[in-house]
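**Q** If you scroll down you'll find the structure; I have some questions about it.
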Amino acid sequence: MTIDIAPITDNLNTAIIVVDQQFNITFCNFSAQRIFERSLNQLIGSSLREHFVDDIVNQERLAKALHAGEEFTENEVQLHFRDKRYVLVDFTVTGFPLDAQPHLIFEVRRIDKQKRISQENLQHAQQNAAKELIRGLAHEIKNPLGGIRGAAQLLGKTLYDVELTEYTAMIIEQADRLRNLVDRLLGPNTLPRFRVCNLHQSLEQVRTLINADLHFPVTINRDYDPSIPDMNIDPDMIQQAVINIVKNAQQALRDARVKEPVITLVTRIERQMMIHGKRCPLSAQIKIIDNGPGIPTEVRDTLFYPMVSSKQDGSGLGLSISQTLIDHHGGKIEVDSHPGHTEFTLYIPIKHEPE
Ligand SMILES: Nc1ncnc2c1ncn2[C@@H]1O[C@H](COP(=O)(O)OP(=O)(O)O)[C@@H](O)[C@H]1O
Ligand SMILES: [Mg+2]
């Protein structure tokens with residue numbers, strides 16, 4: 001008995017794509033259509049290459065697989081589609097004959113989601129470790145610093161020579177500078193003052209602020225979901241968290257001299273979101289999207305650490321502070337960035353007040 005395999009292949013989570021020796025697609029299942037965001041009709045007969053911006057696989061390896069019937073696997077490959085989408089996948093390619101002609105079968109598994117969750121957990125653990133380290137160090141610096149400053153002050157009072165008091169004044173000034181730095185490293189230390197208010201009001205205030213910057217005008221698009229209920233938040237903290245991210249976007253657009261700089265603010269309701277390992281029934285999502293150059297690779301993995309900056313005069317504190325403020329709300333920040341598109345997403349749980 002033969003069985004019709006179409007319902008089976010169409011129910012696979014793995015995308016299956018078969019190409020002939022000219023790399024024209026001769027078969028693909030439903031999962032493949034979903035990854036390509038193309039219908040079966042559009043895919044069959046089209047060249048595999050025409051869908052991507054660059055060659056996704058080493059051509060030599062492909063030729064070898066095709067003609068020698070070999071198989072190989074590649075992990076964490078970023079597929080860059082012509083419609084500007086990026087999809088992260090693992091895939092296996094196997095060469096095999098079909099009607100006596102060499103063909104290739106691609107088995108493609110999407111991994112962006114798992115990768116994001118494991119990255120998120122790792123990121124959160126690392127940030128907490130870094131914060132603890134800084135907190136410990138900051139206290140070790142602040143205590144003796146207070147002593148140094150006090151001693152210099154006393155010494156200054158006993159000196160009558162103005163030239164010498166300049167030195168004690170310098171010690172005091174530098175001690176204050178260091179104390180300031182340490183305080184900024186420790187981040188905002190006030191507790192949030194929660195009250196029920198409208199999220200969009202905070203966002204509108206950010207927009208007004210950015211619009212007021214006439215040095216580098218940016219188009220700000222809004223796509224708000226008006227059905228987001230009033231939330232129990234500290235509006236100043238949320239505003240500050242968003243400002244830091246929007247400012248970065250604005251700076252990135254300016255520094256890269258983007259011709260038509262656009263920042264888009266999006267809000268949505270998100271259900272059943274996982275936030276730091278806990279399921280959150282209802283949360284508000286705020287997206288801040290810019291069409292700038294993307295986050296430089298060298299800062300990507302440590303983006304939220306304090307003092308990580310790619311700018312000459314950057315403090316590297318903006319994102320670390322945003323993270324702390326969103327943490328106060330039990331939320332999280334996600335980032336997705338590639339050239340031409342950087343997207344920061346904040347998730348803030350909407351808690352139902354006890355009746
Ligand atoms: N929208 C963005 N586009 C490109 N790079 C960004 C963006 N947002 C953040 N970055 C990168 O993240 C780094 C850290 O940002 P931040 O913590 O605010 O510190 P700072 O702005 O002082 O450098 C920046 O230096 C920049 O390299
Ligand atoms: Mg910044």
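In the structure tokens, the first chain shown is A, the next is B, and so on; residue numbers restart at 1 for each chain, and ligands run from 1 in the order shown.
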Excluding same-chain residues fewer than 6 positions from range 277-289 of chain A, what lies within 9 Å of it counting only C-alpha atoms, as an MDAnalysis selection string?

**A** chainID A and resid 117 121 199 224 228 231 242 245:246 249 262:271 331 341:351

**Q** Those selected residues, please, written with N, CA and C atoms and delivered as an mmCIF file, in the first residue's frame.

**A**
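Below is the file selection_24.cif, written as the result:
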data_model
loop_
_atom_site.group_PDB
_atom_site.id
_atom_site.type_symbol
_atom_site.label_atom_id
_atom_site.label_comp_id
_atom_site.auth_asym_id
_atom_site.auth_seq_id
_atom_site.Cartn_x
_atom_site.Cartn_y
_atom_site.Cartn_z
ATOM 1 N N ILE A 117 15.275 32.646 23.798
ATOM 2 C CA ILE A 117 14.990 32.362 25.202
ATOM 3 C C ILE A 117 16.256 31.993 25.969
ATOM 4 N N ASN A 121 17.934 34.204 29.088
ATOM 5 C CA ASN A 121 18.279 33.743 30.425
ATOM 6 C C ASN A 121 19.740 34.016 30.740
ATOM 7 N N LEU A 199 -0.024 54.393 29.606
ATOM 8 C CA LEU A 199 1.309 54.173 29.040
ATOM 9 C C LEU A 199 1.600 55.151 27.902
ATOM 10 N N TYR A 224 0.057 52.873 17.934
ATOM 11 C CA TYR A 224 -0.337 52.521 19.293
ATOM 12 C C TYR A 224 -1.577 51.626 19.292
ATOM 13 N N ILE A 228 -4.822 49.089 25.216
ATOM 14 C CA ILE A 228 -4.008 48.800 26.413
ATOM 15 C C ILE A 228 -4.619 49.525 27.613
ATOM 16 N N MET A 231 -2.183 51.273 33.433
ATOM 17 C CA MET A 231 -1.326 50.294 34.107
ATOM 18 C C MET A 231 -0.753 50.872 35.388
ATOM 19 N N VAL A 242 12.448 54.475 28.154
ATOM 20 C CA VAL A 242 12.189 54.621 26.717
ATOM 21 C C VAL A 242 13.075 55.716 26.119
ATOM 22 N N ILE A 245 16.512 54.569 25.160
ATOM 23 C CA ILE A 245 16.538 53.749 23.944
ATOM 24 C C ILE A 245 16.293 54.602 22.703
ATOM 25 N N VAL A 246 15.339 55.524 22.808
ATOM 26 C CA VAL A 246 15.042 56.389 21.662
ATOM 27 C C VAL A 246 16.236 57.300 21.355
ATOM 28 N N ALA A 249 18.724 55.463 19.414
ATOM 29 C CA ALA A 249 18.285 55.317 18.022
ATOM 30 C C ALA A 249 18.575 56.609 17.271
ATOM 31 N N VAL A 262 13.939 57.413 10.494
ATOM 32 C CA VAL A 262 12.605 57.168 11.039
ATOM 33 C C VAL A 262 12.718 56.349 12.322
ATOM 34 N N ILE A 263 12.039 56.809 13.344
ATOM 35 C CA ILE A 263 11.894 56.001 14.561
ATOM 36 C C ILE A 263 10.415 55.658 14.688
ATOM 37 N N THR A 264 10.113 54.401 14.911
ATOM 38 C CA THR A 264 8.716 53.993 15.032
ATOM 39 C C THR A 264 8.454 53.496 16.448
ATOM 40 N N LEU A 265 7.403 54.008 17.038
ATOM 41 C CA LEU A 265 6.984 53.549 18.369
ATOM 42 C C LEU A 265 5.728 52.704 18.196
ATOM 43 N N VAL A 266 5.798 51.488 18.675
ATOM 44 C CA VAL A 266 4.652 50.584 18.525
ATOM 45 C C VAL A 266 4.252 50.096 19.905
ATOM 46 N N THR A 267 2.952 50.015 20.169
ATOM 47 C CA THR A 267 2.518 49.349 21.403
ATOM 48 C C THR A 267 1.509 48.265 21.052
ATOM 49 N N ARG A 268 1.561 47.205 21.811
ATOM 50 C CA ARG A 268 0.643 46.091 21.609
ATOM 51 C C ARG A 268 0.376 45.424 22.957
ATOM 52 N N ILE A 269 -0.661 44.606 22.966
ATOM 53 C CA ILE A 269 -0.875 43.752 24.138
ATOM 54 C C ILE A 269 -0.316 42.383 23.798
ATOM 55 N N GLU A 270 0.387 41.810 24.724
ATOM 56 C CA GLU A 270 0.964 40.480 24.486
ATOM 57 C C GLU A 270 0.415 39.534 25.549
ATOM 58 N N ARG A 271 -0.049 38.372 25.094
ATOM 59 C CA ARG A 271 -0.588 37.397 26.050
ATOM 60 C C ARG A 271 0.377 36.242 26.242
ATOM 61 N N GLY A 331 9.592 43.488 34.181
ATOM 62 C CA GLY A 331 9.534 43.299 32.727
ATOM 63 C C GLY A 331 10.869 42.901 32.144
ATOM 64 N N HIS A 341 17.787 48.075 10.381
ATOM 65 C CA HIS A 341 16.634 47.809 11.255
ATOM 66 C C HIS A 341 17.094 47.398 12.652
ATOM 67 N N THR A 342 16.816 48.248 13.623
ATOM 68 C CA THR A 342 17.101 47.888 15.018
ATOM 69 C C THR A 342 15.816 48.022 15.803
ATOM 70 N N GLU A 343 15.555 46.984 16.578
ATOM 71 C CA GLU A 343 14.262 46.928 17.243
ATOM 72 C C GLU A 343 14.472 46.556 18.709
ATOM 73 N N PHE A 344 14.142 47.466 19.613
ATOM 74 C CA PHE A 344 14.148 47.158 21.040
ATOM 75 C C PHE A 344 12.702 46.914 21.458
ATOM 76 N N THR A 345 12.450 45.824 22.164
ATOM 77 C CA THR A 345 11.090 45.554 22.613
ATOM 78 C C THR A 345 11.062 45.469 24.135
ATOM 79 N N LEU A 346 10.223 46.295 24.739
ATOM 80 C CA LEU A 346 10.036 46.229 26.184
ATOM 81 C C LEU A 346 8.743 45.475 26.470
ATOM 82 N N TYR A 347 8.789 44.588 27.427
ATOM 83 C CA TYR A 347 7.566 43.927 27.885
ATOM 84 C C TYR A 347 7.333 44.322 29.330
ATOM 85 N N ILE A 348 6.172 44.852 29.613
ATOM 86 C CA ILE A 348 5.844 45.227 30.990
ATOM 87 C C ILE A 348 4.554 44.524 31.389
ATOM 88 N N PRO A 349 4.617 43.693 32.436
ATOM 89 C CA PRO A 349 3.413 42.972 32.849
ATOM 90 C C PRO A 349 2.290 43.934 33.240
ATOM 91 N N ILE A 350 1.088 43.584 32.811
ATOM 92 C CA ILE A 350 -0.083 44.333 33.265
ATOM 93 C C ILE A 350 -0.673 43.521 34.398
ATOM 94 N N LYS A 351 -0.554 44.065 35.577
ATOM 95 C CA LYS A 351 -1.050 43.304 36.731
ATOM 96 C C LYS A 351 -2.484 43.705 37.006
#

**Q** Could you find all residues in range 229-353 of chain A that DSSP calls alpha helix (DSSP H) from the backbone, and write them as a ChimeraX atom specification?

**A** /A:235-255,297-300,318-328

**Q** Enumerate as a PyMOL selection string the residues within 7 Å of ligand 1, counting only C-alpha atoms and all ligand atoms.

**A** chain A and resi 244-245+248-249+252+290+292-296+299+303-304+306-311+314-320+342

**Q** Determine, counting only C-alpha atoms, which protein, DNA and RNA residues have an atom within 12 Å of an atom of Ala63 in chain A; residues of the same chain fewer than 4 positions away are not included. Present the result as a PyMOL selection string.

**A** chain A and resi 20-23+57-59+67-72+93-95+102-104

**Q** Taking into account only C-alpha atoms, which residue in the set A:Phe106, A:Phe96, A:Tyr160, A:Phe91 is nearest to Leu48 in chain A?

**A** A:Phe106

**Q** Among range 27-63 of chain A, which ones does DSSP assign to strand (DSSP E or B) (computed from the backbone)? Answer as a count of residues only.

**A** 4

**Q** So which residues touch Ser46 in chain A within 12 Å, counting only C-alpha atoms, skipping near sequence neighbours fewer than 2 positions away, as a list in words?

**A** Ile17, Val18, Val19, Asp20, Gln22, Phe23, Asn24, Ile25, Thr26, Phe27, Cys28, Phe36, Arg38, Ser39, Leu40, Asn41, Gln42, Leu43, Ile44, Leu48, Arg49, Glu50, His51 and Phe52 of chain A

**Q** For N, CA and C atoms, I'd like the residues from the last selection saved as a PDB file, in the first residue's frame.

**A**
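Okay, result-v1.pdb is ready:
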ATOM      1  N   ILE A  17      12.845  21.387   1.487  1.00  0.00           N
ATOM      2  CA  ILE A  17      12.919  22.007   0.167  1.00  0.00           C
ATOM      3  C   ILE A  17      13.794  21.117  -0.711  1.00  0.00           C
ATOM      4  N   VAL A  18      13.310  20.764  -1.872  1.00  0.00           N
ATOM      5  CA  VAL A  18      14.112  19.966  -2.806  1.00  0.00           C
ATOM      6  C   VAL A  18      14.436  20.829  -4.019  1.00  0.00           C
ATOM      7  N   VAL A  19      15.719  20.814  -4.422  1.00  0.00           N
ATOM      8  CA  VAL A  19      16.101  21.577  -5.625  1.00  0.00           C
ATOM      9  C   VAL A  19      16.816  20.653  -6.609  1.00  0.00           C
ATOM     10  N   ASP A  20      16.727  21.000  -7.906  1.00  0.00           N
ATOM     11  CA  ASP A  20      17.451  20.220  -8.914  1.00  0.00           C
ATOM     12  C   ASP A  20      18.858  20.802  -9.098  1.00  0.00           C
ATOM     13  N   GLN A  22      20.062  22.822 -11.122  1.00  0.00           N
ATOM     14  CA  GLN A  22      20.121  24.276 -11.401  1.00  0.00           C
ATOM     15  C   GLN A  22      19.675  25.079 -10.164  1.00  0.00           C
ATOM     16  N   PHE A  23      19.462  24.386  -9.069  1.00  0.00           N
ATOM     17  CA  PHE A  23      18.974  25.006  -7.831  1.00  0.00           C
ATOM     18  C   PHE A  23      17.564  25.570  -7.972  1.00  0.00           C
ATOM     19  N   ASN A  24      16.798  25.004  -8.903  1.00  0.00           N
ATOM     20  CA  ASN A  24      15.390  25.391  -8.985  1.00  0.00           C
ATOM     21  C   ASN A  24      14.594  24.502  -8.032  1.00  0.00           C
ATOM     22  N   ILE A  25      13.641  25.118  -7.354  1.00  0.00           N
ATOM     23  CA  ILE A  25      12.861  24.384  -6.352  1.00  0.00           C
ATOM     24  C   ILE A  25      11.861  23.457  -7.046  1.00  0.00           C
ATOM     25  N   THR A  26      11.916  22.161  -6.703  1.00  0.00           N
ATOM     26  CA  THR A  26      10.971  21.214  -7.301  1.00  0.00           C
ATOM     27  C   THR A  26       9.943  20.713  -6.283  1.00  0.00           C
ATOM     28  N   PHE A  27      10.244  20.931  -5.006  1.00  0.00           N
ATOM     29  CA  PHE A  27       9.295  20.510  -3.966  1.00  0.00           C
ATOM     30  C   PHE A  27       9.520  21.334  -2.718  1.00  0.00           C
ATOM     31  N   CYS A  28       8.448  21.685  -2.023  1.00  0.00           N
ATOM     32  CA  CYS A  28       8.611  22.249  -0.684  1.00  0.00           C
ATOM     33  C   CYS A  28       7.344  22.010   0.118  1.00  0.00           C
ATOM     34  N   PHE A  36       9.648  31.059   3.918  1.00  0.00           N
ATOM     35  CA  PHE A  36       9.869  31.941   2.767  1.00  0.00           C
ATOM     36  C   PHE A  36       8.800  33.035   2.683  1.00  0.00           C
ATOM     37  N   ARG A  38       6.069  32.674   1.120  1.00  0.00           N
ATOM     38  CA  ARG A  38       5.662  32.609  -0.295  1.00  0.00           C
ATOM     39  C   ARG A  38       4.730  31.414  -0.450  1.00  0.00           C
ATOM     40  N   SER A  39       3.855  31.494  -1.443  1.00  0.00           N
ATOM     41  CA  SER A  39       2.948  30.372  -1.675  1.00  0.00           C
ATOM     42  C   SER A  39       3.666  29.286  -2.461  1.00  0.00           C
ATOM     43  N   LEU A  40       3.059  28.120  -2.490  1.00  0.00           N
ATOM     44  CA  LEU A  40       3.639  26.988  -3.220  1.00  0.00           C
ATOM     45  C   LEU A  40       3.881  27.368  -4.682  1.00  0.00           C
ATOM     46  N   ASN A  41       2.889  28.023  -5.294  1.00  0.00           N
ATOM     47  CA  ASN A  41       3.002  28.419  -6.703  1.00  0.00           C
ATOM     48  C   ASN A  41       4.180  29.343  -6.956  1.00  0.00           C
ATOM     49  N   GLN A  42       4.407  30.231  -5.996  1.00  0.00           N
ATOM     50  CA  GLN A  42       5.520  31.178  -6.183  1.00  0.00           C
ATOM     51  C   GLN A  42       6.864  30.484  -6.016  1.00  0.00           C
ATOM     52  N   LEU A  43       6.872  29.417  -5.220  1.00  0.00           N
ATOM     53  CA  LEU A  43       8.155  28.774  -4.911  1.00  0.00           C
ATOM     54  C   LEU A  43       8.560  27.742  -5.964  1.00  0.00           C
ATOM     55  N   ILE A  44       7.621  26.895  -6.356  1.00  0.00           N
ATOM     56  CA  ILE A  44       7.972  25.815  -7.287  1.00  0.00           C
ATOM     57  C   ILE A  44       8.460  26.408  -8.610  1.00  0.00           C
ATOM     58  N   LEU A  48      16.355  28.870  -6.045  1.00  0.00           N
ATOM     59  CA  LEU A  48      16.530  29.027  -4.600  1.00  0.00           C
ATOM     60  C   LEU A  48      17.255  30.336  -4.295  1.00  0.00           C
ATOM     61  N   ARG A  49      18.241  30.640  -5.166  1.00  0.00           N
ATOM     62  CA  ARG A  49      19.099  31.801  -4.894  1.00  0.00           C
ATOM     63  C   ARG A  49      18.341  33.124  -4.973  1.00  0.00           C
ATOM     64  N   GLU A  50      17.310  33.179  -5.824  1.00  0.00           N
ATOM     65  CA  GLU A  50      16.666  34.479  -6.037  1.00  0.00           C
ATOM     66  C   GLU A  50      15.936  34.989  -4.785  1.00  0.00           C
ATOM     67  N   HIS A  51      15.766  34.111  -3.796  1.00  0.00           N
ATOM     68  CA  HIS A  51      15.045  34.542  -2.603  1.00  0.00           C
ATOM     69  C   HIS A  51      15.948  35.202  -1.572  1.00  0.00           C
ATOM     70  N   PHE A  52      17.271  35.004  -1.730  1.00  0.00           N
ATOM     71  CA  PHE A  52      18.188  35.491  -0.699  1.00  0.00           C
ATOM     72  C   PHE A  52      19.059  36.617  -1.204  1.00  0.00           C
TER      73      PHE A  52
END

**Q** Under the rule that only C-alpha atoms and all ligand atoms are counted, which of A:Glu260, A:Leu122, A:Ala241, A:Gly340 is the nearest residue to ligand 2?

**A**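 With only C-alpha atoms and all ligand atoms as the atom set, the closest residue is A:Ala241.
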
**Q** Got a sec: who's within 8 Å of Pro235 in chain A, counting only C-alpha atoms, leaving out chain neighbours fewer than 2 positions off, as number ranges by chain?

**A** A: 194-195, 197, 199, 202, 233, 237-239

**Q** Print the selection's residues with C-alpha atoms to a file, as a short mmCIF file (atom, residue, chain, number, x, y, z; two decimals), in the first residue's frame.

**A**
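Wrote result07.cif, looks like this:
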data_model
loop_
_atom_site.label_atom_id
_atom_site.label_comp_id
_atom_site.auth_asym_id
_atom_site.auth_seq_id
_atom_site.Cartn_x
_atom_site.Cartn_y
_atom_site.Cartn_z
CA PHE A 194 3.67 53.06 41.22
CA ARG A 195 0.41 54.63 40.20
CA CYS A 197 -1.72 55.67 34.52
CA LEU A 199 1.31 54.17 29.04
CA SER A 202 4.59 58.56 28.83
CA ILE A 233 3.62 51.77 36.70
CA MET A 237 10.79 55.44 35.16
CA ILE A 238 9.09 54.06 32.06
CA GLN A 239 9.62 57.38 30.33
#

**Q** Kindly indicate which residue among A:His329, A:Gln251, A:Leu159, A:Ser337 lies nearest to ligand 2, using only C-alpha atoms and all ligand atoms for the distances.

**A**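 For ligand 2, the nearest of the given residues is A:Gln251.
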
**Q** One decimal, in Å: what's the spacing between CA of His215 in chain A and CA of Ala256 in chain A?

**A**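 That distance, rounded to one decimal, is 14.7 Å.
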
**Q** When you look at Asp176 in chain A with a cut-off of 10 Å (counting only C-alpha atoms), what residues show up, excluding the ones that are within fewer than 6 positions of it in the same chain? I need them as a list in words.

**A**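 Within the cut-off, the hits are Leu145, Gly146, Arg149, Met170 and Val182 of chain A.
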
**Q** Would you save the residues from that selection as a compact mmCIF listing (two decimals), in the first residue's frame, using C-alpha atoms?

**A**
# COMPACT_ATOMS: atom_id res chain seq x y z
CA LEU A 145 36.84 57.94 49.22
CA GLY A 146 34.79 59.61 51.94
CA ARG A 149 37.80 63.74 50.95
CA MET A 170 41.94 69.34 43.67
CA VAL A 182 30.35 55.42 41.19

**Q** Which residue out of A:Ile243, A:Ile134, A:Ile5, A:Ala65 has the minimum interatomic distance to ligand 2 when only C-alpha atoms and all ligand atoms are used?

**A**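 When distances to ligand 2 are compared using only C-alpha atoms and all ligand atoms, the smallest one comes from A:Ile243.
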
**Q** For a quick check of understanding, using only C-alpha atoms, which of A:Gly187, A:Asn143, A:Gly136, A:Asn198 has the smallest distance to Ala175 in chain A?

**A**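 When distances to Ala175 in chain A are compared using only C-alpha atoms, the smallest one comes from A:Asn143.
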
**Q** With a distance cut-off of 10 Å and only C-alpha atoms, select the neighbouring residues of Asp54 in chain A, excluding the residue or stretch itself and same-chain residues fewer than 6 positions from it, and output the selection as an MDAnalysis selection string.

**A** chainID A and resid 79:82

**Q** Would you export the selected residues with C-alpha atoms as an mmCIF file, in the first residue's frame, please?

**A**
data_model
loop_
_atom_site.group_PDB
_atom_site.id
_atom_site.type_symbol
_atom_site.label_atom_id
_atom_site.label_comp_id
_atom_site.auth_asym_id
_atom_site.auth_seq_id
_atom_site.Cartn_x
_atom_site.Cartn_y
_atom_site.Cartn_z
ATOM 1 C CA LEU A 79 19.007 33.620 6.230
ATOM 2 C CA HIS A 80 18.692 37.076 4.737
ATOM 3 C CA PHE A 81 15.648 37.253 2.482
ATOM 4 C CA ARG A 82 15.201 39.794 -0.284
#

**Q** Please determine, counting only C-alpha atoms, which residue among A:Leu164, A:Val335, A:Ile172, A:Val206 has the shortest atom-to-atom distance to Asp236 in chain A.

**A**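 Counting only C-alpha atoms, the residue closest to Asp236 in chain A is A:Val206.
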
**Q** Record the distance separating CA of Thr168 in chain A and CA of Asp183 in chain A, expressed in Å with one decimal.

**A**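 CA of Asp183 in chain A lies 22.4 Å from CA of Thr168 in chain A.
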